$ cat my_file_21.txt   # compact mmCIF, N, CA and C atoms
# COMPACT_ATOMS: atom_id res chain seq x y z
N MET A 1 28.90 -126.93 -112.77
CA MET A 1 28.61 -125.92 -111.78
C MET A 1 27.84 -126.56 -110.63
N LYS A 2 28.29 -126.33 -109.43
CA LYS A 2 27.61 -126.87 -108.26
C LYS A 2 26.43 -125.99 -107.88
N THR A 3 25.37 -126.65 -107.44
CA THR A 3 24.23 -125.91 -106.93
C THR A 3 24.15 -126.12 -105.44
N LYS A 4 23.61 -125.17 -104.75
CA LYS A 4 23.47 -125.29 -103.31
C LYS A 4 22.38 -126.30 -102.99
N ARG A 5 22.62 -127.12 -101.98
CA ARG A 5 21.63 -128.08 -101.53
C ARG A 5 21.00 -127.55 -100.25
N TYR A 6 19.72 -127.42 -100.29
CA TYR A 6 19.01 -126.92 -99.12
C TYR A 6 18.36 -128.09 -98.38
N ALA A 7 18.27 -127.97 -97.08
CA ALA A 7 17.65 -129.01 -96.27
C ALA A 7 16.19 -129.16 -96.65
N LYS A 8 15.77 -130.43 -96.77
CA LYS A 8 14.38 -130.70 -97.12
C LYS A 8 13.50 -130.78 -95.89
N THR A 9 14.10 -131.11 -94.76
CA THR A 9 13.32 -131.24 -93.53
C THR A 9 13.99 -130.43 -92.43
N GLN A 10 13.25 -130.21 -91.38
CA GLN A 10 13.82 -129.51 -90.22
C GLN A 10 14.93 -130.33 -89.60
N ALA A 11 14.80 -131.65 -89.60
CA ALA A 11 15.84 -132.52 -89.04
C ALA A 11 17.14 -132.38 -89.82
N GLU A 12 17.07 -132.29 -91.14
CA GLU A 12 18.28 -132.08 -91.95
C GLU A 12 18.89 -130.72 -91.66
N ALA A 13 18.06 -129.71 -91.49
CA ALA A 13 18.55 -128.37 -91.18
C ALA A 13 19.24 -128.36 -89.82
N ASP A 14 18.63 -129.03 -88.84
CA ASP A 14 19.23 -129.10 -87.51
C ASP A 14 20.56 -129.84 -87.55
N GLN A 15 20.62 -130.93 -88.31
CA GLN A 15 21.86 -131.69 -88.41
C GLN A 15 22.97 -130.86 -89.05
N ALA A 16 22.63 -130.09 -90.08
CA ALA A 16 23.62 -129.25 -90.74
C ALA A 16 24.16 -128.18 -89.79
N ILE A 17 23.30 -127.65 -88.96
CA ILE A 17 23.71 -126.63 -88.00
C ILE A 17 24.57 -127.24 -86.90
N ASN A 18 24.21 -128.45 -86.46
CA ASN A 18 24.92 -129.08 -85.34
C ASN A 18 26.18 -129.81 -85.75
N ALA A 19 26.39 -130.07 -87.03
CA ALA A 19 27.54 -130.85 -87.48
C ALA A 19 28.88 -130.27 -87.03
N PRO A 20 29.12 -128.98 -87.19
CA PRO A 20 30.42 -128.45 -86.73
C PRO A 20 30.62 -128.62 -85.22
N ALA A 21 29.60 -128.36 -84.45
CA ALA A 21 29.72 -128.51 -83.00
C ALA A 21 29.95 -129.97 -82.62
N ASP A 22 29.25 -130.88 -83.28
CA ASP A 22 29.43 -132.30 -83.01
C ASP A 22 30.84 -132.76 -83.37
N ALA A 23 31.37 -132.25 -84.48
CA ALA A 23 32.73 -132.60 -84.90
C ALA A 23 33.75 -132.11 -83.87
N ILE A 24 33.57 -130.91 -83.39
CA ILE A 24 34.48 -130.35 -82.38
C ILE A 24 34.39 -131.18 -81.09
N ARG A 25 33.18 -131.53 -80.68
CA ARG A 25 33.02 -132.36 -79.48
C ARG A 25 33.70 -133.72 -79.65
N HIS A 26 33.53 -134.33 -80.82
CA HIS A 26 34.12 -135.64 -81.09
C HIS A 26 35.65 -135.59 -80.99
N VAL A 27 36.26 -134.61 -81.66
CA VAL A 27 37.72 -134.49 -81.63
C VAL A 27 38.20 -134.11 -80.24
N THR A 28 37.47 -133.25 -79.54
CA THR A 28 37.84 -132.86 -78.18
C THR A 28 37.83 -134.07 -77.25
N ALA A 29 36.84 -134.91 -77.37
CA ALA A 29 36.76 -136.12 -76.54
C ALA A 29 37.95 -137.05 -76.82
N LYS A 30 38.30 -137.21 -78.10
CA LYS A 30 39.44 -138.06 -78.43
C LYS A 30 40.75 -137.47 -77.90
N MET A 31 40.88 -136.14 -77.99
CA MET A 31 42.09 -135.49 -77.46
C MET A 31 42.16 -135.65 -75.94
N GLN A 32 41.04 -135.48 -75.27
CA GLN A 32 41.01 -135.62 -73.81
C GLN A 32 41.40 -137.03 -73.41
N THR A 33 40.91 -138.02 -74.13
CA THR A 33 41.28 -139.41 -73.84
C THR A 33 42.78 -139.62 -74.03
N ALA A 34 43.33 -139.07 -75.11
CA ALA A 34 44.77 -139.20 -75.35
C ALA A 34 45.58 -138.53 -74.25
N ILE A 35 45.11 -137.40 -73.77
CA ILE A 35 45.80 -136.70 -72.67
C ILE A 35 45.72 -137.55 -71.40
N ASP A 36 44.51 -138.03 -71.08
CA ASP A 36 44.30 -138.83 -69.87
C ASP A 36 45.14 -140.11 -69.87
N GLU A 37 45.33 -140.70 -71.05
CA GLU A 37 46.12 -141.93 -71.16
C GLU A 37 47.62 -141.67 -71.27
N GLY A 38 48.00 -140.40 -71.28
CA GLY A 38 49.41 -140.05 -71.32
C GLY A 38 50.03 -140.05 -72.70
N HIS A 39 49.20 -140.13 -73.74
CA HIS A 39 49.72 -140.14 -75.11
C HIS A 39 49.99 -138.73 -75.65
N ARG A 40 49.36 -137.74 -75.04
CA ARG A 40 49.54 -136.35 -75.48
C ARG A 40 49.75 -135.46 -74.27
N SER A 41 50.42 -134.35 -74.50
CA SER A 41 50.64 -133.36 -73.45
C SER A 41 49.49 -132.35 -73.47
N ARG A 42 49.28 -131.72 -72.33
CA ARG A 42 48.28 -130.64 -72.27
C ARG A 42 48.78 -129.39 -72.97
N HIS A 43 50.06 -129.28 -73.16
CA HIS A 43 50.64 -128.12 -73.83
C HIS A 43 50.68 -128.38 -75.33
N ILE A 44 50.13 -127.45 -76.12
CA ILE A 44 50.12 -127.65 -77.56
C ILE A 44 50.91 -126.53 -78.24
N ASP A 45 51.39 -126.85 -79.43
CA ASP A 45 52.07 -125.84 -80.24
C ASP A 45 51.29 -125.70 -81.55
N ALA A 46 51.82 -124.93 -82.47
CA ALA A 46 51.12 -124.67 -83.73
C ALA A 46 50.88 -125.97 -84.51
N ASP A 47 51.85 -126.88 -84.50
CA ASP A 47 51.68 -128.15 -85.21
C ASP A 47 50.53 -128.96 -84.62
N ASP A 48 50.41 -128.96 -83.29
CA ASP A 48 49.30 -129.67 -82.64
C ASP A 48 47.96 -129.04 -83.04
N LEU A 49 47.91 -127.72 -83.08
CA LEU A 49 46.68 -127.03 -83.46
C LEU A 49 46.28 -127.39 -84.88
N ILE A 50 47.24 -127.43 -85.78
CA ILE A 50 46.96 -127.82 -87.16
C ILE A 50 46.41 -129.23 -87.21
N GLU A 51 47.01 -130.14 -86.46
CA GLU A 51 46.54 -131.53 -86.41
C GLU A 51 45.09 -131.60 -85.91
N ILE A 52 44.79 -130.82 -84.89
CA ILE A 52 43.43 -130.80 -84.34
C ILE A 52 42.44 -130.26 -85.36
N LEU A 53 42.78 -129.16 -86.01
CA LEU A 53 41.87 -128.58 -87.00
C LEU A 53 41.65 -129.52 -88.18
N LEU A 54 42.70 -130.21 -88.61
CA LEU A 54 42.56 -131.19 -89.69
C LEU A 54 41.69 -132.37 -89.26
N ALA A 55 41.79 -132.77 -88.02
CA ALA A 55 40.94 -133.85 -87.50
C ALA A 55 39.48 -133.43 -87.51
N ILE A 56 39.20 -132.19 -87.15
CA ILE A 56 37.83 -131.68 -87.19
C ILE A 56 37.33 -131.65 -88.63
N ALA A 57 38.17 -131.19 -89.54
CA ALA A 57 37.78 -131.15 -90.96
C ALA A 57 37.49 -132.56 -91.46
N ASP A 58 38.28 -133.55 -91.03
CA ASP A 58 38.06 -134.93 -91.47
C ASP A 58 36.74 -135.48 -90.95
N VAL A 59 36.33 -135.07 -89.76
CA VAL A 59 35.04 -135.52 -89.24
C VAL A 59 33.91 -134.87 -90.05
N LEU A 60 34.06 -133.60 -90.37
CA LEU A 60 33.02 -132.89 -91.12
C LEU A 60 32.93 -133.37 -92.57
N ASP A 61 34.09 -133.63 -93.17
CA ASP A 61 34.14 -134.03 -94.57
C ASP A 61 35.22 -135.10 -94.71
N PRO A 62 34.87 -136.37 -94.43
CA PRO A 62 35.87 -137.44 -94.44
C PRO A 62 36.60 -137.54 -95.77
N PRO A 63 37.91 -137.80 -95.72
CA PRO A 63 38.66 -137.97 -96.97
C PRO A 63 38.21 -139.24 -97.69
N LEU A 64 38.35 -139.24 -98.98
CA LEU A 64 37.93 -140.41 -99.76
C LEU A 64 38.89 -141.54 -99.62

$ encode --input "my_file_21.txt" --output "structure tokens"
Amino acid sequence: MKTKRYAKTQAEADQAINAPADAIRHVTAKMQTAIDEGHRSRHIDADDLIEILLAIADVLDPPL
């Protein structure tokens, strides 16, 4: 049975709160670079959205 882990310090609490936003910023910056370099289109479809969401998930919880 898993137990919840609570932040021991304010810095850990702040990092936990900021992690999703930081992951979104990281993936957004990479996507913008790919668009600027001509590797991706500005127009996205459902498959592109899935790829983006999976990239965010990988930043938050990297695969083993």

$ closest_atom_pairs --input "my_file_21.txt" --of "range 16-45 of chain A" --to "range 53-58 of chain A" --cutoff "10 Å" --atoms "only C-alpha atoms" --output "CSV"
residue,atom,partner,partner_atom,distance
A:Pro20,CA,A:Ile56,CA,8.1
A:Ala21,CA,A:Ile56,CA,9.7
A:Asp22,CA,A:Ile56,CA,9.4
A:Ala23,CA,A:Ile56,CA,5.7
A:Ile24,CA,A:Ile56,CA,6.0
A:Arg25,CA,A:Ile56,CA,9.1
A:His26,CA,A:Ile56,CA,8.2
A:Val27,CA,A:Ile56,CA,6.2
A:Thr28,CA,A:Ile56,CA,9.1

$ atom_distance --input "my_file_21.txt" --atom1 "atom C of Gln32 in chain A" --atom2 "atom C of Pro63 in chain A"
24.6 Å

$ atom_distance --input "my_file_21.txt" --atom1 "CA of Leu49 in chain A" --atom2 "atom C of Gln15 in chain A"
24.7 Å

$ atom_distance --input "my_file_21.txt" --atom1 "atom C of Val59 in chain A" --atom2 "atom C of Asp14 in chain A"
14.5 Å

$ select_by_dssp --input "my_file_21.txt" --residues "chain A" --states "alpha helix (DSSP H)" --output "MDAnalysis selection string"
chainID A and resid 10:36 46:60

$ decode --input "my_file_21.txt" --residues "chain A" --atoms "C-alpha atoms" --output "compact mmCIF listing (two decimals), in the first residue's frame"
# COMPACT_ATOMS: atom_id res chain seq x y z
CA MET A 1 0.00 0.00 0.00
CA LYS A 2 1.39 3.38 -0.97
CA THR A 3 1.42 6.19 1.52
CA LYS A 4 1.24 9.84 0.62
CA ARG A 5 4.51 11.72 0.80
CA TYR A 6 4.22 15.20 2.17
CA ALA A 7 6.75 17.95 1.59
CA LYS A 8 9.18 18.33 4.47
CA THR A 9 10.19 21.87 3.60
CA GLN A 10 8.59 24.87 1.99
CA ALA A 11 11.04 24.52 -0.92
CA GLU A 12 9.81 20.96 -1.58
CA ALA A 13 6.20 22.16 -1.41
CA ASP A 14 6.95 24.98 -3.86
CA GLN A 15 8.71 22.59 -6.23
CA ALA A 16 5.76 20.19 -6.17
CA ILE A 17 3.37 23.02 -6.98
CA ASN A 18 5.58 24.41 -9.76
CA ALA A 19 6.48 21.08 -11.39
CA PRO A 20 3.45 20.90 -13.72
CA ALA A 21 3.92 24.50 -14.87
CA ASP A 22 7.64 23.96 -15.39
CA ALA A 23 6.97 20.80 -17.42
CA ILE A 24 4.49 22.65 -19.64
CA ARG A 25 6.98 25.50 -20.13
CA HIS A 26 9.76 23.03 -21.00
CA VAL A 27 7.68 21.18 -23.62
CA THR A 28 6.29 24.46 -24.99
CA ALA A 29 9.81 25.82 -25.49
CA LYS A 30 10.86 22.64 -27.32
CA MET A 31 7.75 22.79 -29.52
CA GLN A 32 8.38 26.46 -30.32
CA THR A 33 11.96 25.66 -31.31
CA ALA A 34 10.76 22.84 -33.57
CA ILE A 35 8.24 25.20 -35.20
CA ASP A 36 10.85 27.96 -35.64
CA GLU A 37 13.29 25.49 -37.24
CA GLY A 38 10.61 24.24 -39.62
CA HIS A 39 10.39 20.74 -38.14
CA ARG A 40 6.76 21.15 -37.04
CA SER A 41 3.72 22.97 -38.32
CA ARG A 42 1.78 25.51 -36.28
CA HIS A 43 -1.36 23.53 -37.08
CA ILE A 44 -1.90 20.55 -34.79
CA ASP A 45 -4.30 17.65 -34.86
CA ALA A 46 -5.39 15.18 -32.18
CA ASP A 47 -2.27 13.03 -32.68
CA ASP A 48 -0.04 16.07 -32.14
CA LEU A 49 -1.95 16.95 -28.96
CA ILE A 50 -1.48 13.42 -27.65
CA GLU A 51 2.25 13.62 -28.39
CA ILE A 52 2.48 16.94 -26.53
CA LEU A 53 0.58 15.64 -23.49
CA LEU A 54 2.76 12.52 -23.36
CA ALA A 55 5.88 14.70 -23.53
CA ILE A 56 4.62 16.71 -20.55
CA ALA A 57 3.89 13.50 -18.65
CA ASP A 58 7.43 12.27 -19.42
CA VAL A 59 8.92 15.45 -17.98
CA LEU A 60 6.80 15.13 -14.83
CA ASP A 61 7.40 11.40 -14.43
CA PRO A 62 10.24 10.17 -16.67
CA PRO A 63 9.88 6.63 -18.00
CA LEU A 64 12.25 4.06 -16.57
